[in-house]
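Asker: So that we are looking at the same thing, I have put the structure below in structure tokens.
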Amino acid sequence: IVLTVALLGLLITALATSGAQDPDKIVQALRGSNQARWQQAKELADMLRLPLRYPELRQSIDLAGHLVELLDEEVDAGLADDNSIKLRFFLCRVLGEFDVDVGLGVLLKTAAEDSELDRRRQAINALAVLAD
């Protein structure tokens, strides 16, 4: 009985977290018009900060490339609504966590062209983390 309850608990936990931690689904959600899309960027950034749990993420050129495209589009759009601001902030944070330098150009662009000082600062911080 105890084993059955424990296995049921593990099954429920696995089902609850399986879709939420899939990086491809997170990137797809970031491209949507979801009001909380910046939270998806934060979740991905948190996943990148756990290299032992997600070792392949920090090396993923494809994932970084999709995020670079998204940040570039967001910087070009220059939207000033709260969700767009948070999304650009967290995308900078995410790109700094990769072990590949695909995001270097868009981080430099963000640091130079973004209208808000905090986002430019975050892009510079991401460049420092990426350089380290």
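FYI, nothing fancy with the structure tokens labels: chains A, B, ... in order, residues from 1 per chain, ligands from 1 as they appear.
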Got a sec to tell me which of chain A DSSP assigns to alpha helix (DSSP H), as an NGL selection string?
Answerer: :A and (2-18 or 23-31 or 37-48 or 61-77 or 82-96 or 104-113 or 117-131)
Asker: As an MDAnalysis selection string, please: the residues near segment 98-114 of chain A (cut-off 12 Å, only C-alpha atoms, same-chain neighbours under 4 positions excluded).
Answerer: chainID A and resid 44:51 54:80 84:85 88:94 118:132
Asker: Would you mind exporting the chosen residues as an mmCIF file, in the first residue's frame, restricted to C-alpha atoms?
Answerer:
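result37.cif, freshly written:
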```
data_model
loop_
_atom_site.group_PDB
_atom_site.id
_atom_site.type_symbol
_atom_site.label_atom_id
_atom_site.label_comp_id
_atom_site.auth_asym_id
_atom_site.auth_seq_id
_atom_site.Cartn_x
_atom_site.Cartn_y
_atom_site.Cartn_z
ATOM 1 C CA LEU A 44 14.175 28.659 -18.926
ATOM 2 C CA ALA A 45 16.802 30.853 -17.259
ATOM 3 C CA ASP A 46 16.360 28.882 -14.056
ATOM 4 C CA MET A 47 16.771 25.621 -16.002
ATOM 5 C CA LEU A 48 20.018 26.918 -17.505
ATOM 6 C CA ARG A 49 21.316 27.659 -14.022
ATOM 7 C CA LEU A 50 21.014 23.962 -13.145
ATOM 8 C CA PRO A 51 23.687 22.451 -15.418
ATOM 9 C CA TYR A 54 19.879 19.984 -17.654
ATOM 10 C CA PRO A 55 23.428 19.537 -19.018
ATOM 11 C CA GLU A 56 22.466 19.680 -22.703
ATOM 12 C CA LEU A 57 20.681 23.046 -22.496
ATOM 13 C CA ARG A 58 23.770 25.193 -22.008
ATOM 14 C CA GLN A 59 25.341 23.678 -25.149
ATOM 15 C CA SER A 60 22.266 23.946 -27.392
ATOM 16 C CA ILE A 61 23.067 26.158 -30.374
ATOM 17 C CA ASP A 62 19.563 25.649 -31.784
ATOM 18 C CA LEU A 63 17.821 26.747 -28.595
ATOM 19 C CA ALA A 64 20.122 29.761 -28.248
ATOM 20 C CA GLY A 65 19.508 30.634 -31.899
ATOM 21 C CA HIS A 66 15.722 30.654 -31.418
ATOM 22 C CA LEU A 67 16.121 32.898 -28.382
ATOM 23 C CA VAL A 68 18.459 35.219 -30.311
ATOM 24 C CA GLU A 69 15.839 35.597 -33.052
ATOM 25 C CA LEU A 70 13.142 36.334 -30.490
ATOM 26 C CA LEU A 71 15.217 38.934 -28.619
ATOM 27 C CA ASP A 72 16.237 40.583 -31.895
ATOM 28 C CA GLU A 73 12.573 40.853 -32.923
ATOM 29 C CA GLU A 74 11.642 42.259 -29.526
ATOM 30 C CA VAL A 75 14.430 44.866 -29.580
ATOM 31 C CA ASP A 76 13.450 45.935 -33.109
ATOM 32 C CA ALA A 77 9.788 46.210 -32.081
ATOM 33 C CA GLY A 78 10.723 48.306 -29.047
ATOM 34 C CA LEU A 79 7.376 47.763 -27.335
ATOM 35 C CA ALA A 80 7.042 49.482 -23.966
ATOM 36 C CA SER A 84 7.592 43.004 -23.506
ATOM 37 C CA ILE A 85 9.957 44.775 -21.143
ATOM 38 C CA ARG A 88 13.558 41.323 -23.131
ATOM 39 C CA PHE A 89 15.066 41.514 -19.648
ATOM 40 C CA PHE A 90 14.827 37.775 -19.081
ATOM 41 C CA LEU A 91 15.890 36.881 -22.629
ATOM 42 C CA CYS A 92 19.108 38.784 -21.994
ATOM 43 C CA ARG A 93 19.530 36.865 -18.763
ATOM 44 C CA VAL A 94 18.907 33.547 -20.521
ATOM 45 C CA ASP A 118 17.780 48.400 -16.906
ATOM 46 C CA ARG A 119 17.552 46.226 -20.013
ATOM 47 C CA ARG A 120 20.834 47.621 -21.343
ATOM 48 C CA ARG A 121 22.398 46.814 -17.967
ATOM 49 C CA GLN A 122 21.023 43.271 -18.074
ATOM 50 C CA ALA A 123 22.446 42.801 -21.581
ATOM 51 C CA ILE A 124 25.856 43.950 -20.337
ATOM 52 C CA ASN A 125 25.602 41.588 -17.348
ATOM 53 C CA ALA A 126 24.716 38.739 -19.712
ATOM 54 C CA LEU A 127 27.765 39.595 -21.839
ATOM 55 C CA ALA A 128 29.947 39.425 -18.728
ATOM 56 C CA VAL A 129 28.506 36.047 -17.729
ATOM 57 C CA LEU A 130 28.904 34.779 -21.291
ATOM 58 C CA ALA A 131 32.526 35.960 -21.398
ATOM 59 C CA ASP A 132 33.250 34.197 -18.125
#
```
Asker: Between atom CA of Ala41 of chain A and atom CA of Ala29 of chain A, what is the distance, to one decimal in Å?
Answerer: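 Answer for the atom CA of Ala41 of chain A to atom CA of Ala29 of chain A separation: 9.1 Å.
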Asker: I'd like the interatomic distance between atom CA of Asp24 of chain A and atom CA of Leu8 of chain A, to a tenth of an Å.
Answerer: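 Here the two named atoms are 27.2 Å from each other.
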